[in-house]
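The structure appears below as structure tokens.
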Amino acid sequence: MASNRELAERFAQTLTDHDLAGFAELLHPDYVNHNRFAQPGKDGSVAVFAAFLDAFEGFRVDTDDVLEVGDSLVGRYTYRGRHTGEFLGIRPSGAEIEMHSIDIWRVSDGQLVEHWDELNTLEFFQQIGAVPALA
């Protein structure tokens with residue numbers, strides 16, 4: 001069974017490798033994601049990252065930090081890629097993006113069971129031209 005830290009690192013590696021099947025294996029069958037952009041359940045979370053992989057050329061995820069406390073796991077990540085496909089109805093901008101997240105998971109039996117996150121979505125949407133940059 002993988003350690004919680006290994007789960008956090010595998011999360012980033014599966015997405016960098018564009019391995020959605022490997023990502024799905026990290027998630028418990030009854031996975032609960034509290035991210036408002038994801039449809040419920042494991043399939044909804046896989047679909048979110050499938051959309052990123054389709055829309056961002058060279059999509060990759062770097063692990064910046066991992067903290068473990070009991071059955072809780074916290075990871076800080078940086079996502080990068082070039083916006084070359086439609087994303088959430090936003091036409092390709094060609095822009096290089098850098099998105100940051102803080103992800104909190106509850107872990108059970110070597111799988112991610114429940115998830116919360118905070119993202120720099122304003123900056124992300126500014127980078128792809130969906131929201132005007134602030135002066």
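Ordering of the structure tokens sets the chain letters (A, B, ...), residue numbers begin anew at 1 in every chain, and ligands are numbered from 1 in the order given.
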If you run DSSP on the backbone, which residues of chain A are strand (DSSP E or B), as a PDB file with C-alpha atoms, in the first residue's frame?
ATOM      1  CA  LEU A  27      -9.491   7.579  -6.264  1.00  0.00           C
ATOM      2  CA  HIS A  28     -11.794   5.519  -4.082  1.00  0.00           C
ATOM      3  CA  PRO A  29     -14.923   4.246  -5.902  1.00  0.00           C
ATOM      4  CA  ASP A  30     -17.056   6.513  -3.658  1.00  0.00           C
ATOM      5  CA  TYR A  31     -14.757   9.539  -4.103  1.00  0.00           C
ATOM      6  CA  VAL A  32     -16.265  12.869  -3.041  1.00  0.00           C
ATOM      7  CA  ASN A  33     -14.852  16.020  -4.639  1.00  0.00           C
ATOM      8  CA  PHE A  56      -3.493  22.554 -22.535  1.00  0.00           C
ATOM      9  CA  GLU A  57      -0.571  21.351 -24.608  1.00  0.00           C
ATOM     10  CA  GLY A  58       2.332  20.129 -22.496  1.00  0.00           C
ATOM     11  CA  PHE A  59       0.117  19.992 -19.388  1.00  0.00           C
ATOM     12  CA  ARG A  60       2.188  19.088 -16.350  1.00  0.00           C
ATOM     13  CA  VAL A  61       1.895  19.221 -12.578  1.00  0.00           C
ATOM     14  CA  ASP A  62       4.736  19.874 -10.145  1.00  0.00           C
ATOM     15  CA  THR A  63       4.516  18.932  -6.472  1.00  0.00           C
ATOM     16  CA  ASP A  64       5.584  21.941  -4.421  1.00  0.00           C
ATOM     17  CA  ASP A  65       4.898  20.619  -0.921  1.00  0.00           C
ATOM     18  CA  VAL A  66       3.188  17.721   0.869  1.00  0.00           C
ATOM     19  CA  LEU A  67       1.992  17.522   4.471  1.00  0.00           C
ATOM     20  CA  GLU A  68       0.529  14.471   6.200  1.00  0.00           C
ATOM     21  CA  VAL A  69      -1.535  14.499   9.394  1.00  0.00           C
ATOM     22  CA  SER A  72      -5.412  13.921   5.996  1.00  0.00           C
ATOM     23  CA  LEU A  73      -3.072  14.811   3.170  1.00  0.00           C
ATOM     24  CA  VAL A  74      -2.298  18.323   1.939  1.00  0.00           C
ATOM     25  CA  GLY A  75      -0.474  19.023  -1.299  1.00  0.00           C
ATOM     26  CA  ARG A  76       0.583  22.268  -2.959  1.00  0.00           C
ATOM     27  CA  TYR A  77       0.880  22.025  -6.741  1.00  0.00           C
ATOM     28  CA  THR A  78       1.755  24.119  -9.773  1.00  0.00           C
ATOM     29  CA  TYR A  79       0.061  23.298 -13.091  1.00  0.00           C
ATOM     30  CA  ARG A  80       1.546  24.486 -16.386  1.00  0.00           C
ATOM     31  CA  GLY A  81       0.752  24.210 -20.071  1.00  0.00           C
ATOM     32  CA  ARG A  82      -0.161  26.147 -23.209  1.00  0.00           C
ATOM     33  CA  HIS A  83      -3.845  26.916 -23.873  1.00  0.00           C
ATOM     34  CA  PHE A  87     -11.623  24.988 -22.173  1.00  0.00           C
ATOM     35  CA  ILE A  90     -13.138  29.536 -23.782  1.00  0.00           C
ATOM     36  CA  GLU A  96       1.215  29.750 -21.251  1.00  0.00           C
ATOM     37  CA  ILE A  97      -0.603  29.164 -17.982  1.00  0.00           C
ATOM     38  CA  GLU A  98       0.526  28.674 -14.433  1.00  0.00           C
ATOM     39  CA  MET A  99      -2.148  27.639 -11.970  1.00  0.00           C
ATOM     40  CA  HIS A 100      -1.594  26.911  -8.283  1.00  0.00           C
ATOM     41  CA  SER A 101      -3.607  24.715  -5.982  1.00  0.00           C
ATOM     42  CA  ILE A 102      -3.749  23.625  -2.393  1.00  0.00           C
ATOM     43  CA  ASP A 103      -5.423  20.241  -2.255  1.00  0.00           C
ATOM     44  CA  ILE A 104      -6.665  18.553   0.903  1.00  0.00           C
ATOM     45  CA  TRP A 105      -7.639  14.899   0.821  1.00  0.00           C
ATOM     46  CA  ARG A 106      -8.989  12.403   3.279  1.00  0.00           C
ATOM     47  CA  VAL A 107      -7.233   9.085   2.697  1.00  0.00           C
ATOM     48  CA  SER A 108      -8.477   5.590   3.489  1.00  0.00           C
ATOM     49  CA  GLN A 111      -6.844   5.716  -1.788  1.00  0.00           C
ATOM     50  CA  LEU A 112      -8.029   9.314  -1.959  1.00  0.00           C
ATOM     51  CA  VAL A 113     -11.571   9.348  -0.564  1.00  0.00           C
ATOM     52  CA  GLU A 114     -12.590  12.997  -0.203  1.00  0.00           C
ATOM     53  CA  HIS A 115     -11.156  16.228  -1.634  1.00  0.00           C
ATOM     54  CA  TRP A 116     -11.202  19.992  -1.095  1.00  0.00           C
ATOM     55  CA  ASP A 117      -9.081  22.552  -2.926  1.00  0.00           C
ATOM     56  CA  GLU A 118      -8.268  26.207  -3.358  1.00  0.00           C
ATOM     57  CA  LEU A 119      -7.128  27.458  -6.765  1.00  0.00           C
TER      58      LEU A 119
END
Item to check | Shell of 12 Å around Leu26 in chain A, only C-alpha atoms, local chain residues under 3 positions omitted, as a PyMOL selection string | outcome: chain A and resi 1-4+6-15+19-23+29-31+42+45-46+105+107-114
Write out as a compact mmCIF listing (two decimals) with C-alpha atoms, in the first residue's frame the set of residues from range 30-129 of chain A that DSSP, computed on the backbone, places in alpha helix (DSSP H).
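Written file, selection.txt:
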# COMPACT_ATOMS: atom_id res chain seq x y z
CA GLY A 41 -17.90 11.29 -7.97
CA LYS A 42 -14.76 9.74 -9.32
CA ASP A 43 -15.86 10.09 -12.96
CA GLY A 44 -16.41 13.84 -12.53
CA SER A 45 -12.87 14.32 -11.25
CA VAL A 46 -11.37 12.29 -14.09
CA ALA A 47 -13.42 14.36 -16.58
CA VAL A 48 -12.01 17.63 -15.18
CA PHE A 49 -8.45 16.52 -15.84
CA ALA A 50 -9.38 15.04 -19.22
CA ALA A 51 -10.58 18.55 -20.15
CA PHE A 52 -7.26 20.05 -19.00
CA LEU A 53 -5.26 17.49 -20.98
CA ASP A 54 -7.33 18.22 -24.09
CA ALA A 55 -7.06 22.00 -23.78
CA THR A 121 -8.82 30.74 -10.63
CA LEU A 122 -8.95 34.51 -11.15
CA GLU A 123 -5.33 34.60 -12.32
CA PHE A 124 -5.85 31.43 -14.35
CA PHE A 125 -8.85 32.87 -16.21
CA GLN A 126 -6.93 36.14 -16.74
CA GLN A 127 -4.06 34.17 -18.26
Checklist entry - Which value, in Å to one decimal, gives the distance between CA of Pro40 in chain A and CA of Arg91 in chain A? => result 25.4 Å
